[in-house]
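Structure file protein.txt; described as compact mmCIF, C-alpha atoms and all ligand atoms.
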```txt
# COMPACT_ATOMS: atom_id res chain seq x y z
CA MET A 67 -55.01 -176.67 -191.59
CA ALA A 68 -55.43 -179.95 -193.47
CA PRO A 69 -52.16 -181.66 -194.33
CA THR A 70 -51.72 -181.46 -198.11
CA SER A 71 -49.47 -183.93 -199.90
CA SER A 72 -46.73 -181.31 -200.10
CA THR A 73 -46.77 -180.68 -196.32
CA ILE A 74 -46.71 -184.41 -195.76
CA HIS A 75 -43.79 -184.58 -198.14
CA ARG A 76 -41.94 -181.91 -196.19
CA PHE A 77 -42.89 -183.41 -192.79
CA PRO A 78 -43.03 -187.17 -193.27
CA GLN A 79 -43.72 -187.65 -189.56
CA LEU A 80 -46.93 -185.55 -189.72
CA PRO A 81 -49.49 -188.37 -190.19
CA LEU A 82 -48.00 -190.17 -187.20
CA LEU A 83 -48.15 -186.97 -185.16
CA LEU A 84 -51.79 -186.46 -186.06
CA LEU A 85 -52.59 -190.02 -185.08
CA LEU A 86 -50.84 -189.50 -181.75
CA LEU A 87 -52.77 -186.29 -181.16
CA LEU A 88 -56.02 -188.12 -181.86
CA LEU A 89 -55.10 -190.89 -179.43
CA VAL A 90 -54.12 -188.45 -176.68
CA SER A 91 -57.37 -186.50 -176.94
CA ALA A 92 -59.39 -189.74 -177.00
CA THR A 93 -57.75 -190.92 -173.74
CA ALA A 94 -58.33 -187.49 -172.21
CA LEU A 95 -62.03 -187.79 -173.00
CA ALA A 96 -62.16 -191.33 -171.63
CA SER A 97 -60.49 -190.38 -168.34
CA ARG A 98 -62.86 -187.44 -167.94
CA GLY A 99 -65.49 -190.09 -168.24
CA HIS A 100 -68.83 -190.06 -169.95
CA LEU A 101 -71.73 -190.39 -167.60
CA SER A 102 -74.62 -192.61 -168.61
CA PRO A 103 -77.81 -193.79 -166.89
CA THR A 104 -77.03 -197.38 -167.88
CA PHE A 105 -73.41 -197.39 -166.68
CA TYR A 106 -73.96 -200.30 -164.23
CA SER A 107 -76.76 -202.10 -166.03
CA SER A 108 -74.66 -205.18 -166.73
CA THR A 109 -72.26 -204.99 -163.75
CA CYS A 110 -74.85 -204.20 -161.05
CA PRO A 111 -78.33 -204.65 -162.46
CA ASP A 112 -80.19 -204.28 -159.12
CA LEU A 113 -78.30 -201.17 -158.02
CA ARG A 114 -81.25 -198.83 -158.15
CA ARG A 115 -83.51 -201.17 -156.20
CA THR A 116 -80.82 -201.71 -153.55
CA VAL A 117 -80.36 -197.97 -153.04
CA ARG A 118 -84.08 -197.29 -153.12
CA SER A 119 -85.00 -199.81 -150.44
CA ALA A 120 -82.21 -198.56 -148.17
CA MET A 121 -83.38 -194.97 -148.65
CA ALA A 122 -87.02 -195.87 -148.08
CA GLU A 123 -86.10 -197.30 -144.66
CA ALA A 124 -83.87 -194.35 -143.81
CA VAL A 125 -86.47 -191.74 -144.75
CA ARG A 126 -89.18 -193.63 -142.85
CA GLN A 127 -86.95 -193.53 -139.76
CA ASN A 128 -86.15 -189.84 -140.23
CA PRO A 129 -87.25 -187.77 -143.22
CA ARG A 130 -84.33 -185.42 -142.60
CA ASN A 131 -82.06 -188.15 -143.96
CA ALA A 132 -83.19 -187.11 -147.44
CA ALA A 133 -82.14 -183.53 -146.65
CA PHE A 134 -78.76 -184.65 -145.31
CA LEU A 135 -77.90 -186.42 -148.55
CA LEU A 136 -79.19 -183.67 -150.81
CA ARG A 137 -76.91 -181.21 -149.05
CA LEU A 138 -73.96 -183.64 -149.13
CA PHE A 139 -74.41 -184.02 -152.88
CA PHE A 140 -74.27 -180.23 -153.33
CA HIS A 141 -71.21 -179.87 -151.09
CA ASP A 142 -69.48 -182.79 -152.82
CA CYS A 143 -70.15 -181.59 -156.36
CA PHE A 144 -69.01 -178.02 -155.61
CA VAL A 145 -65.56 -179.22 -154.54
CA ASN A 146 -63.53 -180.74 -157.37
CA GLY A 147 -66.70 -182.12 -158.95
CA CYS A 148 -68.90 -184.99 -157.78
CA ASP A 149 -66.11 -187.31 -156.67
CA GLY A 150 -67.02 -188.43 -153.14
CA SER A 151 -64.19 -186.27 -151.76
CA ILE A 152 -66.49 -185.04 -148.96
CA PHE A 153 -66.66 -188.56 -147.45
CA LEU A 154 -62.93 -188.95 -146.80
CA ASP A 155 -61.55 -188.75 -143.26
CA SER A 156 -58.33 -186.82 -142.69
CA THR A 157 -55.01 -188.55 -143.39
CA PRO A 158 -51.41 -187.29 -143.09
CA ALA A 159 -51.72 -186.39 -146.80
CA PHE A 160 -54.89 -184.27 -146.64
CA ALA A 161 -57.43 -182.62 -144.32
CA SER A 162 -61.02 -183.86 -144.44
CA GLU A 163 -63.68 -181.65 -146.04
CA LYS A 164 -65.92 -182.66 -143.13
CA PHE A 165 -64.17 -179.98 -141.06
CA ALA A 166 -64.32 -177.22 -143.68
CA ILE A 167 -66.27 -174.17 -142.49
CA PRO A 168 -69.54 -174.89 -144.37
CA ASN A 169 -69.49 -178.56 -143.25
CA ASN A 170 -68.10 -178.65 -139.71
CA ASN A 171 -70.85 -179.69 -137.23
CA SER A 172 -73.35 -179.22 -140.02
CA ALA A 173 -72.89 -181.70 -142.88
CA ARG A 174 -74.53 -184.99 -141.91
CA GLY A 175 -75.53 -188.33 -143.38
CA PHE A 176 -72.08 -189.91 -143.56
CA GLU A 177 -73.13 -193.06 -141.65
CA LEU A 178 -76.14 -193.42 -143.93
CA ILE A 179 -73.96 -193.35 -147.03
CA ASP A 180 -71.61 -195.91 -145.42
CA ALA A 181 -74.61 -198.17 -144.75
CA ILE A 182 -75.99 -197.89 -148.29
CA LYS A 183 -72.54 -198.40 -149.76
CA ALA A 184 -72.12 -201.56 -147.63
CA ARG A 185 -75.32 -202.98 -149.11
CA VAL A 186 -74.18 -202.11 -152.61
CA GLU A 187 -70.78 -203.71 -151.95
CA ALA A 188 -72.50 -206.90 -150.77
CA ALA A 189 -74.43 -207.10 -154.03
CA CYS A 190 -71.76 -205.79 -156.43
CA PRO A 191 -68.26 -205.80 -154.90
CA ALA A 192 -65.80 -203.09 -155.99
CA THR A 193 -68.07 -201.87 -158.76
CA VAL A 194 -70.05 -198.75 -157.81
CA SER A 195 -68.37 -195.51 -156.72
CA CYS A 196 -69.37 -193.66 -153.54
CA ALA A 197 -70.04 -190.60 -155.69
CA ASP A 198 -72.60 -192.58 -157.70
CA VAL A 199 -74.18 -194.08 -154.57
CA LEU A 200 -74.69 -190.50 -153.32
CA ALA A 201 -76.14 -189.34 -156.66
CA LEU A 202 -78.65 -192.21 -156.66
CA ALA A 203 -79.55 -191.99 -152.97
CA THR A 204 -80.08 -188.24 -153.26
CA GLN A 205 -82.52 -188.66 -156.11
CA GLU A 206 -84.42 -191.39 -154.25
CA GLY A 207 -84.62 -189.19 -151.14
CA VAL A 208 -86.08 -186.27 -153.06
CA ASP A 209 -88.53 -188.62 -154.75
CA LEU A 210 -89.59 -190.18 -151.44
CA LEU A 211 -90.49 -186.72 -150.08
CA GLY A 212 -92.68 -186.05 -153.10
CA GLY A 213 -90.18 -184.12 -155.21
CA PRO A 214 -89.35 -184.36 -158.90
CA THR A 215 -87.68 -187.39 -160.43
CA TRP A 216 -84.84 -187.27 -162.90
CA THR A 217 -82.64 -189.79 -164.65
CA VAL A 218 -79.43 -190.13 -162.65
CA GLU A 219 -76.33 -190.18 -164.81
CA LEU A 220 -73.72 -192.65 -163.55
CA GLY A 221 -70.07 -193.54 -164.04
CA ARG A 222 -68.36 -191.14 -161.61
CA ARG A 223 -65.14 -192.22 -159.96
CA ASP A 224 -64.07 -191.49 -156.39
CA SER A 225 -61.22 -189.11 -155.64
CA ARG A 226 -58.02 -190.21 -153.91
CA ALA A 227 -57.81 -186.98 -151.91
CA ALA A 228 -59.95 -184.41 -150.12
CA PHE A 229 -59.84 -180.65 -150.74
CA GLN A 230 -60.60 -178.81 -147.51
CA ALA A 231 -59.31 -175.41 -148.70
CA ALA A 232 -61.50 -175.55 -151.80
CA ALA A 233 -64.51 -176.45 -149.64
CA ASP A 234 -63.78 -173.39 -147.46
CA GLU A 235 -63.48 -171.11 -150.47
CA GLU A 236 -66.04 -172.36 -152.98
CA ILE A 237 -69.18 -173.48 -151.12
CA PRO A 238 -71.69 -170.61 -150.74
CA LEU A 239 -72.42 -169.22 -147.28
CA ALA A 240 -75.66 -168.05 -145.66
CA PHE A 241 -74.17 -164.55 -145.37
CA ASP A 242 -73.52 -164.20 -149.12
CA ASP A 243 -75.49 -161.60 -151.03
CA LEU A 244 -77.05 -162.22 -154.43
CA LYS A 245 -74.04 -161.07 -156.42
CA GLU A 246 -71.76 -163.42 -154.51
CA LEU A 247 -74.18 -166.34 -154.86
CA VAL A 248 -74.51 -165.85 -158.61
CA ALA A 249 -70.71 -165.66 -158.93
CA ARG A 250 -70.15 -168.85 -156.94
CA PHE A 251 -72.56 -170.87 -159.10
CA ARG A 252 -71.27 -169.21 -162.28
CA ALA A 253 -67.76 -170.38 -161.30
CA LYS A 254 -69.13 -173.94 -161.52
CA GLY A 255 -70.79 -173.39 -164.89
CA LEU A 256 -74.23 -173.07 -163.30
CA SER A 257 -76.50 -170.17 -164.25
CA ALA A 258 -78.48 -167.86 -161.96
CA ARG A 259 -81.55 -169.80 -163.02
CA ASP A 260 -79.89 -173.09 -161.97
CA MET A 261 -78.97 -171.47 -158.66
CA THR A 262 -82.48 -170.23 -157.93
CA ALA A 263 -83.96 -173.62 -158.81
CA LEU A 264 -81.35 -175.56 -156.79
CA SER A 265 -81.98 -173.34 -153.78
CA GLY A 266 -85.45 -174.88 -153.76
CA ALA A 267 -83.68 -177.74 -151.97
CA HIS A 268 -84.36 -175.61 -148.88
CA THR A 269 -87.96 -176.76 -149.14
CA ILE A 270 -86.75 -179.59 -146.86
CA GLY A 271 -84.53 -179.78 -143.81
CA GLN A 272 -83.35 -177.64 -140.94
CA ALA A 273 -80.85 -174.92 -140.18
CA GLN A 274 -79.04 -174.12 -136.93
CA CYS A 275 -79.64 -170.79 -135.22
CA PHE A 276 -76.09 -169.51 -135.81
CA THR A 277 -76.79 -169.52 -139.55
CA PHE A 278 -79.87 -167.27 -139.29
CA ALA A 279 -79.50 -165.39 -135.95
CA THR A 280 -78.33 -162.15 -137.56
CA ARG A 281 -81.21 -162.24 -140.00
CA VAL A 282 -84.01 -162.79 -137.47
CA HIS A 283 -82.52 -160.25 -135.04
CA GLU A 284 -81.39 -157.51 -137.40
CA ALA A 285 -82.80 -157.80 -140.92
CA ARG A 286 -85.52 -155.44 -142.17
CA ASN A 287 -86.65 -157.39 -145.23
CA ILE A 288 -88.34 -159.97 -143.00
CA ASP A 289 -91.93 -160.65 -141.95
CA ALA A 290 -92.18 -159.29 -138.39
CA ASP A 291 -94.22 -162.16 -136.91
CA PHE A 292 -91.96 -164.73 -138.49
CA ALA A 293 -88.83 -163.01 -137.15
CA ALA A 294 -90.32 -162.77 -133.64
CA ARG A 295 -91.24 -166.45 -133.68
CA ARG A 296 -87.77 -167.50 -134.77
CA ARG A 297 -86.03 -165.21 -132.23
CA LYS A 298 -87.75 -167.11 -129.38
CA ASN A 299 -85.60 -170.14 -130.02
CA CYS A 300 -82.51 -168.34 -131.31
CA PRO A 301 -80.41 -165.86 -129.31
CA ALA A 302 -78.61 -163.07 -131.19
CA SER A 303 -75.29 -164.67 -130.28
CA GLY A 304 -76.33 -167.86 -132.11
CA SER A 305 -76.74 -171.48 -130.99
CA ASP A 306 -77.28 -174.88 -132.51
CA ALA A 307 -81.09 -174.79 -132.05
CA LEU A 308 -82.92 -175.91 -135.18
CA ALA A 309 -85.61 -174.27 -137.30
CA PRO A 310 -87.09 -175.54 -140.59
CA LEU A 311 -85.85 -173.88 -143.78
CA ASP A 312 -89.42 -174.10 -145.09
CA SER A 313 -91.79 -173.50 -142.16
CA ARG A 314 -94.88 -174.58 -144.07
CA THR A 315 -93.97 -178.08 -145.18
CA PRO A 316 -90.49 -178.92 -143.81
CA TYR A 317 -90.48 -182.48 -145.16
CA ARG A 318 -92.54 -182.15 -148.31
CA PHE A 319 -90.49 -181.45 -151.40
CA ASP A 320 -92.78 -178.82 -152.92
CA ASN A 321 -92.60 -175.16 -154.01
CA ALA A 322 -93.73 -173.70 -150.66
CA PHE A 323 -90.17 -172.46 -150.08
CA TYR A 324 -90.71 -169.86 -152.83
CA ARG A 325 -94.06 -168.77 -151.38
CA GLU A 326 -92.23 -168.18 -148.09
CA LEU A 327 -89.64 -166.04 -149.89
CA VAL A 328 -92.39 -163.94 -151.51
CA ALA A 329 -93.86 -163.46 -147.99
CA LYS A 330 -90.39 -162.40 -146.68
CA ARG A 331 -90.16 -165.52 -144.58
CA GLY A 332 -86.88 -166.83 -145.95
CA LEU A 333 -84.91 -168.19 -143.00
CA LEU A 334 -81.38 -167.63 -144.32
CA HIS A 335 -80.10 -164.28 -145.51
CA SER A 336 -78.93 -166.04 -148.70
CA ASP A 337 -82.43 -167.45 -149.32
CA GLN A 338 -84.13 -164.05 -149.01
CA GLU A 339 -81.50 -162.58 -151.37
CA LEU A 340 -83.28 -164.50 -154.15
CA PHE A 341 -86.32 -162.30 -153.58
CA ASN A 342 -85.14 -158.91 -152.46
CA GLY A 343 -85.64 -156.62 -155.43
CA GLY A 344 -82.97 -158.27 -157.58
CA SER A 345 -82.59 -160.29 -160.78
CA GLN A 346 -84.23 -163.47 -159.42
CA ASP A 347 -87.49 -161.93 -158.14
CA ALA A 348 -89.51 -162.82 -161.24
CA ARG A 349 -88.27 -166.40 -161.20
CA VAL A 350 -89.04 -166.83 -157.50
CA ARG A 351 -92.55 -165.51 -158.13
CA ARG A 352 -92.97 -167.93 -161.02
CA TYR A 353 -91.79 -170.95 -158.99
CA SER A 354 -94.05 -169.89 -156.10
CA THR A 355 -97.13 -170.32 -158.29
CA ASP A 356 -95.95 -172.83 -160.89
CA ALA A 357 -94.86 -176.04 -159.16
CA ALA A 358 -94.28 -177.78 -162.50
CA ALA A 359 -91.85 -175.09 -163.66
CA PHE A 360 -89.90 -175.46 -160.41
CA SER A 361 -89.83 -179.26 -160.69
CA ARG A 362 -88.55 -179.14 -164.26
CA ASP A 363 -85.84 -176.58 -163.55
CA PHE A 364 -84.77 -178.29 -160.31
CA ALA A 365 -84.43 -181.67 -162.02
CA ALA A 366 -82.48 -180.20 -164.95
CA ALA A 367 -80.16 -178.29 -162.61
CA MET A 368 -79.52 -181.40 -160.48
CA VAL A 369 -78.41 -183.29 -163.60
CA LYS A 370 -76.17 -180.35 -164.51
CA MET A 371 -74.66 -180.06 -161.03
CA GLY A 372 -74.27 -183.85 -160.96
CA ALA A 373 -72.13 -183.65 -164.08
CA LEU A 374 -69.47 -181.45 -162.47
CA ARG A 375 -66.21 -183.29 -163.07
CA PRO A 376 -62.97 -183.57 -161.11
CA SER A 377 -59.93 -181.82 -162.55
CA PRO A 378 -58.86 -183.57 -165.75
CA GLY A 379 -56.03 -186.06 -165.52
CA THR A 380 -57.21 -187.61 -162.24
CA LYS A 381 -58.28 -191.19 -162.77
CA GLY A 382 -59.93 -191.83 -159.44
CA GLU A 383 -61.00 -195.23 -158.14
CA ILE A 384 -63.98 -197.24 -156.98
CA ARG A 385 -63.59 -196.76 -153.26
CA LEU A 386 -64.55 -199.80 -151.15
CA LYS A 387 -65.30 -197.74 -148.02
CA CYS A 388 -66.46 -194.19 -148.58
CA ASN A 389 -64.44 -192.69 -145.72
CA ARG A 390 -61.03 -193.81 -146.93
CA ILE A 391 -59.12 -194.37 -150.14
CA ASN A 392 -58.37 -197.97 -151.12
C1 LIG A 401 -77.49 -170.97 -152.66
C2 LIG A 401 -76.57 -171.15 -151.75
C3 LIG A 401 -76.76 -171.97 -150.51
C4 LIG A 401 -76.44 -171.59 -149.25
C5 LIG A 401 -75.80 -170.29 -148.84
C6 LIG A 401 -76.83 -172.67 -148.38
C7 LIG A 401 -76.64 -172.66 -147.00
C8 LIG A 401 -77.20 -173.58 -146.14
C9 LIG A 401 -77.16 -173.49 -144.71
C10 LIG A 401 -76.44 -172.41 -143.91
C11 LIG A 401 -77.86 -174.53 -144.20
C12 LIG A 401 -78.08 -174.87 -142.73
C13 LIG A 401 -76.94 -175.74 -142.23
C14 LIG A 401 -76.93 -175.92 -140.74
O1 LIG A 401 -77.44 -175.06 -140.02
O2 LIG A 401 -76.40 -176.95 -140.27
C15 LIG A 401 -78.35 -175.30 -145.32
C16 LIG A 401 -79.11 -176.43 -145.22
C17 LIG A 401 -79.48 -177.20 -146.30
N1 LIG A 401 -79.09 -177.02 -147.62
FE1 LIG A 401 -78.28 -175.33 -148.37
N2 LIG A 401 -77.39 -173.67 -149.11
C18 LIG A 401 -77.37 -173.29 -150.42
C19 LIG A 401 -77.78 -174.04 -151.49
C20 LIG A 401 -78.19 -175.36 -151.40
C21 LIG A 401 -78.32 -176.26 -152.51
C22 LIG A 401 -77.98 -175.90 -153.96
C23 LIG A 401 -78.74 -177.46 -152.01
C24 LIG A 401 -78.99 -178.73 -152.73
C25 LIG A 401 -79.30 -178.83 -154.01
C26 LIG A 401 -78.90 -177.28 -150.58
C27 LIG A 401 -79.41 -178.22 -149.72
C28 LIG A 401 -79.60 -178.02 -148.36
C29 LIG A 401 -80.40 -178.89 -147.52
C30 LIG A 401 -81.20 -180.09 -147.97
C31 LIG A 401 -80.30 -178.38 -146.21
C32 LIG A 401 -80.92 -178.96 -144.93
C33 LIG A 401 -79.95 -179.91 -144.29
C34 LIG A 401 -80.37 -180.43 -142.92
O3 LIG A 401 -81.56 -180.63 -142.67
O4 LIG A 401 -79.46 -180.65 -142.12
N3 LIG A 401 -78.52 -176.01 -150.24
N4 LIG A 401 -77.93 -174.69 -146.48
C1 LIG A 402 -64.92 -178.01 -135.97
O1 LIG A 402 -65.75 -177.97 -134.86
C2 LIG A 402 -65.15 -178.47 -133.67
C3 LIG A 402 -66.21 -178.61 -132.60
O2 LIG A 402 -66.99 -177.46 -132.47
C4 LIG A 402 -64.03 -177.52 -133.29
O3 LIG A 402 -63.41 -177.93 -132.10
C5 LIG A 402 -63.00 -177.50 -134.42
O4 LIG A 402 -62.01 -176.56 -134.17
C6 LIG A 402 -63.67 -177.18 -135.77
N1 LIG A 402 -62.72 -177.48 -136.81
C7 LIG A 402 -62.29 -176.55 -137.68
C8 LIG A 402 -61.29 -177.01 -138.66
O5 LIG A 402 -62.69 -175.41 -137.67
```

Output the file's structure in the form of structure tokens.
Amino acid sequence: MAPTSSTIHRFPQLPLLLLLLLLVSATALASRGHLSPTFYSSTCPDLRRTVRSAMAEAVRQNPRNAAFLLRLFFHDCFVNGCDGSIFLDSTPAFASEKFAIPNNNSARGFELIDAIKARVEAACPATVSCADVLALATQEGVDLLGGPTWTVELGRRDSRAAFQAAADEEIPLAFDDLKELVARFRAKGLSARDMTALSGAHTIGQAQCFTFATRVHEARNIDADFAARRRKNCPASGSDALAPLDSRTPYRFDNAFYRELVAKRGLLHSDQELFNGGSQDARVRRYSTDAAAFSRDFAAAMVKMGALRPSPGTKGEIRLKCNRIN
């Protein structure tokens, strides 16, 4: 309702109220933050090069480092948005997300992020958030393994708390079925298509036997030779023995993961759920033959996941050390 002169006459304070309302919503928008690829271009012009050279060394030492960070990015963004909350150690005020069920003895790469952050701090003190360092390093890691590139949006701020209970409840599990997986991504504003594309991250890296033991010992929708091969190094009771998520090209970021799914060689139950007679079958088939379609959708979904924001009203900070608040 536009204020007419007669309403203004009856409520002389109305224009002031409207102005106040405008101001309040403007600050709300500002604190939510607008991400931009050029956020640090004047305050830290060499940021990208600094992160890239650190990642190039790390991936040369161990290509799995790229997988560690990609998974950390996912597990950070799914818990109160991409706010670096996953990096925080426990304090009397909160329990670390590192010990949440999906992360405990499984999420890795924390020392690598600390090392990259230290280099960034040396070049641009107290300027770049840990959440942004992770977003940039993740993209470089994917790129270094031959995956798609995308423009990393920047300007995130680091949380002043960790959210272990949310990590327990909101991060998907290998035992989830398709319906559950779709619901968990939907709860973050990500579509089934985003989910299926993002799951292509499992074209790199390794999983521990306890995450796939039930599948290779009991499942029926699995290639028999593949299951037998995986059982050799993985007792039914589970262990921490490793197997590649994509047996064909474990450290090439390609679309072979989807070809494995079509051949019923998905390692995790949750992976094979994407191609098990359900709503994502056609998309998996498409990605398995059309690498460009996968690259496009993966890149777009990474930007979307990377834009998940912390709860409104939290200002955050630029953390100096990623494992503790300032
Ligand atoms: C769709 C739901 C998902 C489930 C249920 C899931 C579950 C898992 C599990 C159980 C592992 C093995 C962890 C271990 O044994 O230590 C794993 C590894 C991995 N996940 Fe996912 N994941 C999902 C989606 C994603 C997404 C969206 C990404 C990133 C965009 C991602 C990136 C990775 C990477 C890179 C690894 C390998 C890490 C390593 O080598 O240590 N995952 N995932
Ligand atoms: C995490 O794993 C360690 C070592 O296996 C275990 O002792 C601890 O209880 C686990 N923490 C939580 C919170 O489950």

_Within 8 Å of Ile391 (chain A) using all atoms listed in the file, minus same-chain residues under 2 positions, as a PyMOL selection string_ = chain A and resi 154+225-227+385-389

Could those selected residues go to a file with C-alpha atoms, as a PDB file, in the frame of the given file?
```
ATOM      1  CA  LEU A 154     -62.930-188.950-146.800  1.00  0.00           C
ATOM      2  CA  SER A 225     -61.220-189.110-155.640  1.00  0.00           C
ATOM      3  CA  ARG A 226     -58.020-190.210-153.910  1.00  0.00           C
ATOM      4  CA  ALA A 227     -57.810-186.980-151.910  1.00  0.00           C
ATOM      5  CA  ARG A 385     -63.590-196.760-153.260  1.00  0.00           C
ATOM      6  CA  LEU A 386     -64.550-199.800-151.150  1.00  0.00           C
ATOM      7  CA  LYS A 387     -65.300-197.740-148.020  1.00  0.00           C
ATOM      8  CA  CYS A 388     -66.460-194.190-148.580  1.00  0.00           C
ATOM      9  CA  ASN A 389     -64.440-192.690-145.720  1.00  0.00           C
TER      10      ASN A 389
END
```

*d(atom C13 of ligand LIG 401 (chain A), CA of Thr355 (chain A)) in Å*: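 Distance reported for this atom pair: 26.4 Å.
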
*Could you give me, as number ranges by chain, the residues that sit within 12 Å of (-82.2, -171.0, -143.3) in the file's coordinates, counting only C-alpha atoms?*
A: 239-241, 265-282, 296, 307-313, 316, 323, 326-327, 331-339

Preceding selection exported with C-alpha atoms as a tab-separated table (two decimals), in the frame of the given file:
```tsv
chain	number	residue	atom	x	y	z
A	239	LEU	CA	-72.42	-169.22	-147.28
A	240	ALA	CA	-75.66	-168.05	-145.66
A	241	PHE	CA	-74.17	-164.55	-145.37
A	265	SER	CA	-81.98	-173.34	-153.78
A	266	GLY	CA	-85.45	-174.88	-153.76
A	267	ALA	CA	-83.68	-177.74	-151.97
A	268	HIS	CA	-84.36	-175.61	-148.88
A	269	THR	CA	-87.96	-176.76	-149.14
A	270	ILE	CA	-86.75	-179.59	-146.86
A	271	GLY	CA	-84.53	-179.78	-143.81
A	272	GLN	CA	-83.35	-177.64	-140.94
A	273	ALA	CA	-80.85	-174.92	-140.18
A	274	GLN	CA	-79.04	-174.12	-136.93
A	275	CYS	CA	-79.64	-170.79	-135.22
A	276	PHE	CA	-76.09	-169.51	-135.81
A	277	THR	CA	-76.79	-169.52	-139.55
A	278	PHE	CA	-79.87	-167.27	-139.29
A	279	ALA	CA	-79.50	-165.39	-135.95
A	280	THR	CA	-78.33	-162.15	-137.56
A	281	ARG	CA	-81.21	-162.24	-140.00
A	282	VAL	CA	-84.01	-162.79	-137.47
A	296	ARG	CA	-87.77	-167.50	-134.77
A	307	ALA	CA	-81.09	-174.79	-132.05
A	308	LEU	CA	-82.92	-175.91	-135.18
A	309	ALA	CA	-85.61	-174.27	-137.30
A	310	PRO	CA	-87.09	-175.54	-140.59
A	311	LEU	CA	-85.85	-173.88	-143.78
A	312	ASP	CA	-89.42	-174.10	-145.09
A	313	SER	CA	-91.79	-173.50	-142.16
A	316	PRO	CA	-90.49	-178.92	-143.81
A	323	PHE	CA	-90.17	-172.46	-150.08
A	326	GLU	CA	-92.23	-168.18	-148.09
A	327	LEU	CA	-89.64	-166.04	-149.89
A	331	ARG	CA	-90.16	-165.52	-144.58
A	332	GLY	CA	-86.88	-166.83	-145.95
A	333	LEU	CA	-84.91	-168.19	-143.00
A	334	LEU	CA	-81.38	-167.63	-144.32
A	335	HIS	CA	-80.10	-164.28	-145.51
A	336	SER	CA	-78.93	-166.04	-148.70
A	337	ASP	CA	-82.43	-167.45	-149.32
A	338	GLN	CA	-84.13	-164.05	-149.01
A	339	GLU	CA	-81.50	-162.58	-151.37
```

*asked:* Could you tell me how far CA of Ile288 (chain A) sits from CA of Ala329 (chain A), in Å to one decimal place?
replied: 8.2 Å

Closest atom pairs, residues of chain A within 12 Å of ligand LIG 402 (chain A), all atoms listed in the file, as JSON lines:
```
{"residue": "A:Ser156", "atom": "CA", "partner": "A:LIG402", "partner_atom": "C8", "distance": 11.0}
{"residue": "A:Ala161", "atom": "CA", "partner": "A:LIG402", "partner_atom": "C8", "distance": 8.9}
{"residue": "A:Ser162", "atom": "CA", "partner": "A:LIG402", "partner_atom": "C8", "distance": 9.0}
{"residue": "A:Glu163", "atom": "CA", "partner": "A:LIG402", "partner_atom": "C8", "distance": 9.0}
{"residue": "A:Lys164", "atom": "CA", "partner": "A:LIG402", "partner_atom": "C8", "distance": 8.6}
{"residue": "A:Phe165", "atom": "CA", "partner": "A:LIG402", "partner_atom": "C8", "distance": 4.8}
{"residue": "A:Ala166", "atom": "CA", "partner": "A:LIG402", "partner_atom": "C8", "distance": 5.9}
{"residue": "A:Ile167", "atom": "CA", "partner": "A:LIG402", "partner_atom": "O5", "distance": 6.1}
{"residue": "A:Pro168", "atom": "CA", "partner": "A:LIG402", "partner_atom": "O5", "distance": 9.6}
{"residue": "A:Asn169", "atom": "CA", "partner": "A:LIG402", "partner_atom": "C1", "distance": 8.6}
{"residue": "A:Asn170", "atom": "CA", "partner": "A:LIG402", "partner_atom": "C1", "distance": 5.0}
{"residue": "A:Asn171", "atom": "CA", "partner": "A:LIG402", "partner_atom": "O1", "distance": 5.9}
{"residue": "A:Ser172", "atom": "CA", "partner": "A:LIG402", "partner_atom": "O1", "distance": 9.3}
{"residue": "A:Ala173", "atom": "CA", "partner": "A:LIG402", "partner_atom": "C1", "distance": 11.2}
{"residue": "A:Gln230", "atom": "CA", "partner": "A:LIG402", "partner_atom": "C8", "distance": 9.1}
{"residue": "A:Ala231", "atom": "CA", "partner": "A:LIG402", "partner_atom": "C8", "distance": 10.4}
{"residue": "A:Ala233", "atom": "CA", "partner": "A:LIG402", "partner_atom": "C8", "distance": 11.5}
{"residue": "A:Asp234", "atom": "CA", "partner": "A:LIG402", "partner_atom": "C8", "distance": 9.8}
{"residue": "A:Ser305", "atom": "CA", "partner": "A:LIG402", "partner_atom": "O2", "distance": 11.5}
{"residue": "A:Asp306", "atom": "CA", "partner": "A:LIG402", "partner_atom": "O2", "distance": 10.6}
```

_So, with only C-alpha atoms as the atoms that count, which of A:Ala322, A:Leu264, A:Ala348, A:Ala197 lies closest to Gly382 (chain A)?_
A:Ala197

*Exercise: Val186 (chain A) partners within 12 Å, all atoms listed in the file, chain neighbours under 5 positions left out, as a PyMOL selection string*: chain A and resi 106+109-120+179-181+191-196+198-200+202-203+385-388

*Would you please work out which residue, of A:Ala232, A:Ala133, A:Ala366, A:Val125, is nearest to ligand LIG 401 (chain A) when using all atoms listed in the file?*
A:Ala133

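Atom pair CA of Glu123 (chain A) / CA of Gly213 (chain A) has a distance of 17.4 Å (rounded to one decimal).
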
_Nearest residue to Ala359 (chain A) from the set A:Leu178, A:Gly304, A:Asp347, A:Ala263 (distances using all atoms listed in the file)_ = A:Ala263

*Using only C-alpha atoms, which residue out of A:His100, A:Arg375, A:Arg314, A:Arg390 lies closest to Gly255 (chain A)?*
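So, comparing all the options, the nearest one is A:Arg375.
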
*Which residue gives the smallest distance to ligand LIG 401 (chain A) among A:Ser303, A:Ser361, A:Asn131, A:Thr315, with only C-alpha atoms and all ligand atoms counted?*
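Checking each candidate against ligand LIG 401 (chain A), we get A:Asn131 as the closest.
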
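Comparing the minimum interatomic distances between ligand LIG 401 (chain A) and each of A:Leu136, A:Met121, A:Ile384, A:Ala184, counting only C-alpha atoms and all ligand atoms, we find that A:Leu136 sits nearest.
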
Using the file's own x, y and z axes, so that the box edges lie along x, y and z, what centre and edge lengths in Å (one decimal) does a box around every listed atom of ligand LIG 401 (chain A) get when 4 Å is added on each side? Give it as lines of an AutoDock Vina configuration file.
```
center_x = -78.7
center_y = -175.5
center_z = -147.0
size_x = 13.8
size_y = 18.4
size_z = 22.0
```
